[in-house]
Every structure is written in structure tokens, then in C-alpha cells.
Amino acid sequence: MERKYRVGEHVVFVDQVSVPRDAVVTIWWSGKPQYAPENPNEPGCNLAFISGDPSRDDPYGRQMERETSVVHKTNQPAHGFYWCWPDELDDGQRQRLNADKAT
């Protein structure tokens with residue numbers, strides 16, 4: 001998979017309870033020393049994604065959510081609240097992501 005660090009890039013956000021969600025990058029934090037990760041090849045970013053809560057609905061459809069200062073999974077010791085490239089998901093995460101798209 002080709003990796004491009006540009007605004008609007010598709011990544012996967014894994015939330016606090018390890019649920020993967022398709023997301024779009026709104027800004028990359030590379031080049032900003034206060035946000036630089038230990039692995040400079042995978043910067044932090046801000047993300048936007050569709051809410052996983054079906055009750056968060058309005059006349060425009062499912063509401064959007066945002067997360068800020070999200071680190072790459074290589075810089076996150078916890079099991080959630082990180083971003084990764086779609087090809088970095090394990091099989092279980094990939095199945096869950098695809099199942100959520102069907103609803």
C-alpha cells in the first residue's frame with residue numbers, strides 16, 4: 001500500500017475500546033516538534049470519522065466525530081486510541097471494520 005502524508009488521506013482510527021473506524025486525516029503533525037513521535041516516519045494526526053453510535057443521527061445522516069493528537073499504533077502502548085494504515089489491521093480488526101460498514 002502506498003503511503004502518502006496529505007490532508008484527506010484515508011487511514012483507520014482504532015478507538016478507546018479497540019473498534020476500528022475508517023477515518024480521514026485533517027492534519028498531520030510531522031514537522032511540529034511538540035507533536036513529533038518517537039518514530040519520525042509515522043507522525044501524529046487529527047482525524048474525522050463517521051460516528052459508530054447509530055443514535056447519533058440527524059437530517060444529514062450519521063454524525064461526524066473528530067479526534068485530535070492521535071498517534072500511530074507503533075507509538076501507542078495501549079490497545080486503542082491510535083491510527084494505522086488499512087493494511088496494518090489484523091484479521092479480527094479487518095473483519096470488524098467490514099462488518100460495521102454493512103450496517
# chains A, B, ... in the order shown; residues from 1 in each chain; ligands from 1
>>> residues_around(residues="Asp15 (chain A)", least_positions_apart="3", cutoff="8 Å", atoms="only C-alpha atoms", output="number ranges by chain")
A: 18-21, 80-82
>>> residues_around(residues="region 8-13 of chain A", least_positions_apart="5", cutoff="7 Å", atoms="only C-alpha atoms", output="PyMOL selection string")
chain A and resi 20-26+82-86
>>> closest_residue(among="A:Asp58, A:Glu65, A:Gln76, A:Gln16", to="Gly44 (chain A)", atoms="only C-alpha atoms")
A:Gln76
>>> atom_distance(atom1="CA of Asp91 (chain A)", atom2="CA of Gln63 (chain A)")
27.4 Å
>>> select_by_dssp(residues="chain A", states="alpha helix (DSSP H)", output="PyMOL selection string")
chain A and resi 91-101
>>> residues_around(residues="Asn46 (chain A)", least_positions_apart="6", cutoff="8 Å", atoms="only C-alpha atoms", output="PDB file with C-alpha atoms, in the first residue's frame")
ATOM      1  CA  VAL A  25      -6.769  12.901   8.159  1.00  0.00           C
ATOM      2  CA  THR A  26      -7.439  16.609   8.720  1.00  0.00           C
ATOM      3  CA  ILE A  27      -3.812  17.491   9.591  1.00  0.00           C
ATOM      4  CA  TRP A  28      -0.508  15.645  10.023  1.00  0.00           C
ATOM      5  CA  ARG A  66     -13.253  14.125  15.423  1.00  0.00           C
ATOM      6  CA  GLU A  67     -10.210  13.134  17.409  1.00  0.00           C
ATOM      7  CA  THR A  68      -7.061  15.185  17.852  1.00  0.00           C
ATOM      8  CA  SER A  69      -3.414  14.357  18.506  1.00  0.00           C
ATOM      9  CA  VAL A  70      -3.825  10.700  17.557  1.00  0.00           C
TER      10      VAL A  70
END
>>> select_by_dssp(residues="chain A", states="strand (DSSP E or B)", output="ChimeraX atom specification")
/A:10-14,20-28,45-50,57-58,61-62,64-70,72,82-84
>>> closest_residue(among="A:Val71, A:Met64, A:Cys45, A:Ala78", to="Val17 (chain A)", atoms="only C-alpha atoms")
A:Ala78
>>> closest_residue(among="A:Arg56, A:Met1, A:Arg6, A:Ala48", to="Glu88 (chain A)", atoms="only C-alpha atoms")
A:Met1
>>> closest_residue(among="A:Gln93, A:Lys101, A:Val7, A:Ser30", to="His79 (chain A)", atoms="only C-alpha atoms")
A:Gln93
>>> atom_distance(atom1="CA of Glu42 (chain A)", atom2="CA of Asp90 (chain A)")
18.3 Å
>>> closest_residue(among="A:Glu2, A:Asp87, A:Asp100, A:Gln95", to="Pro54 (chain A)", atoms="only C-alpha atoms")
A:Asp100
>>> atom_distance(atom1="CA of Ser55 (chain A)", atom2="CA of Ala99 (chain A)")
18.0 Å
>>> decode(residues="region 50-87 of chain A", atoms="C-alpha atoms", output="short mmCIF file (atom, residue, chain, number, x, y, z; two decimals), in the first residue's frame")
data_model
loop_
_atom_site.label_atom_id
_atom_site.label_comp_id
_atom_site.auth_asym_id
_atom_site.auth_seq_id
_atom_site.Cartn_x
_atom_site.Cartn_y
_atom_site.Cartn_z
CA ILE A 50 -18.47 8.73 10.99
CA SER A 51 -19.89 8.06 14.44
CA GLY A 52 -20.28 4.41 15.38
CA ASP A 53 -23.32 5.27 17.51
CA PRO A 54 -26.50 4.74 15.42
CA SER A 55 -28.41 7.14 17.68
CA ARG A 56 -26.11 10.00 16.59
CA ASP A 57 -28.18 10.71 13.51
CA ASP A 58 -29.59 13.93 12.08
CA PRO A 59 -31.24 15.09 8.82
CA TYR A 60 -27.84 14.86 7.09
CA GLY A 61 -27.22 11.23 8.14
CA ARG A 62 -24.87 9.76 10.71
CA GLN A 63 -22.97 12.48 12.54
CA MET A 64 -19.24 13.06 12.20
CA GLU A 65 -16.79 12.82 15.07
CA ARG A 66 -13.25 14.13 15.42
CA GLU A 67 -10.21 13.13 17.41
CA THR A 68 -7.06 15.18 17.85
CA SER A 69 -3.41 14.36 18.51
CA VAL A 70 -3.83 10.70 17.56
CA VAL A 71 -0.56 8.74 17.44
CA HIS A 72 0.34 5.86 15.15
CA LYS A 73 -0.11 2.38 16.61
CA THR A 74 3.68 1.95 16.85
CA ASN A 75 3.73 4.84 19.34
CA GLN A 76 0.73 3.70 21.41
CA PRO A 77 1.30 1.12 24.17
CA ALA A 78 -2.46 0.78 24.82
CA HIS A 79 -4.85 -1.37 22.77
CA GLY A 80 -6.74 1.60 21.36
CA PHE A 81 -6.81 5.30 20.50
CA TYR A 82 -4.37 5.20 17.60
CA TRP A 83 -4.35 5.45 13.83
CA CYS A 84 -2.92 2.95 11.37
CA TRP A 85 -2.83 2.28 7.65
CA PRO A 86 -5.59 -0.06 6.40
CA ASP A 87 -3.08 -2.80 5.61
#
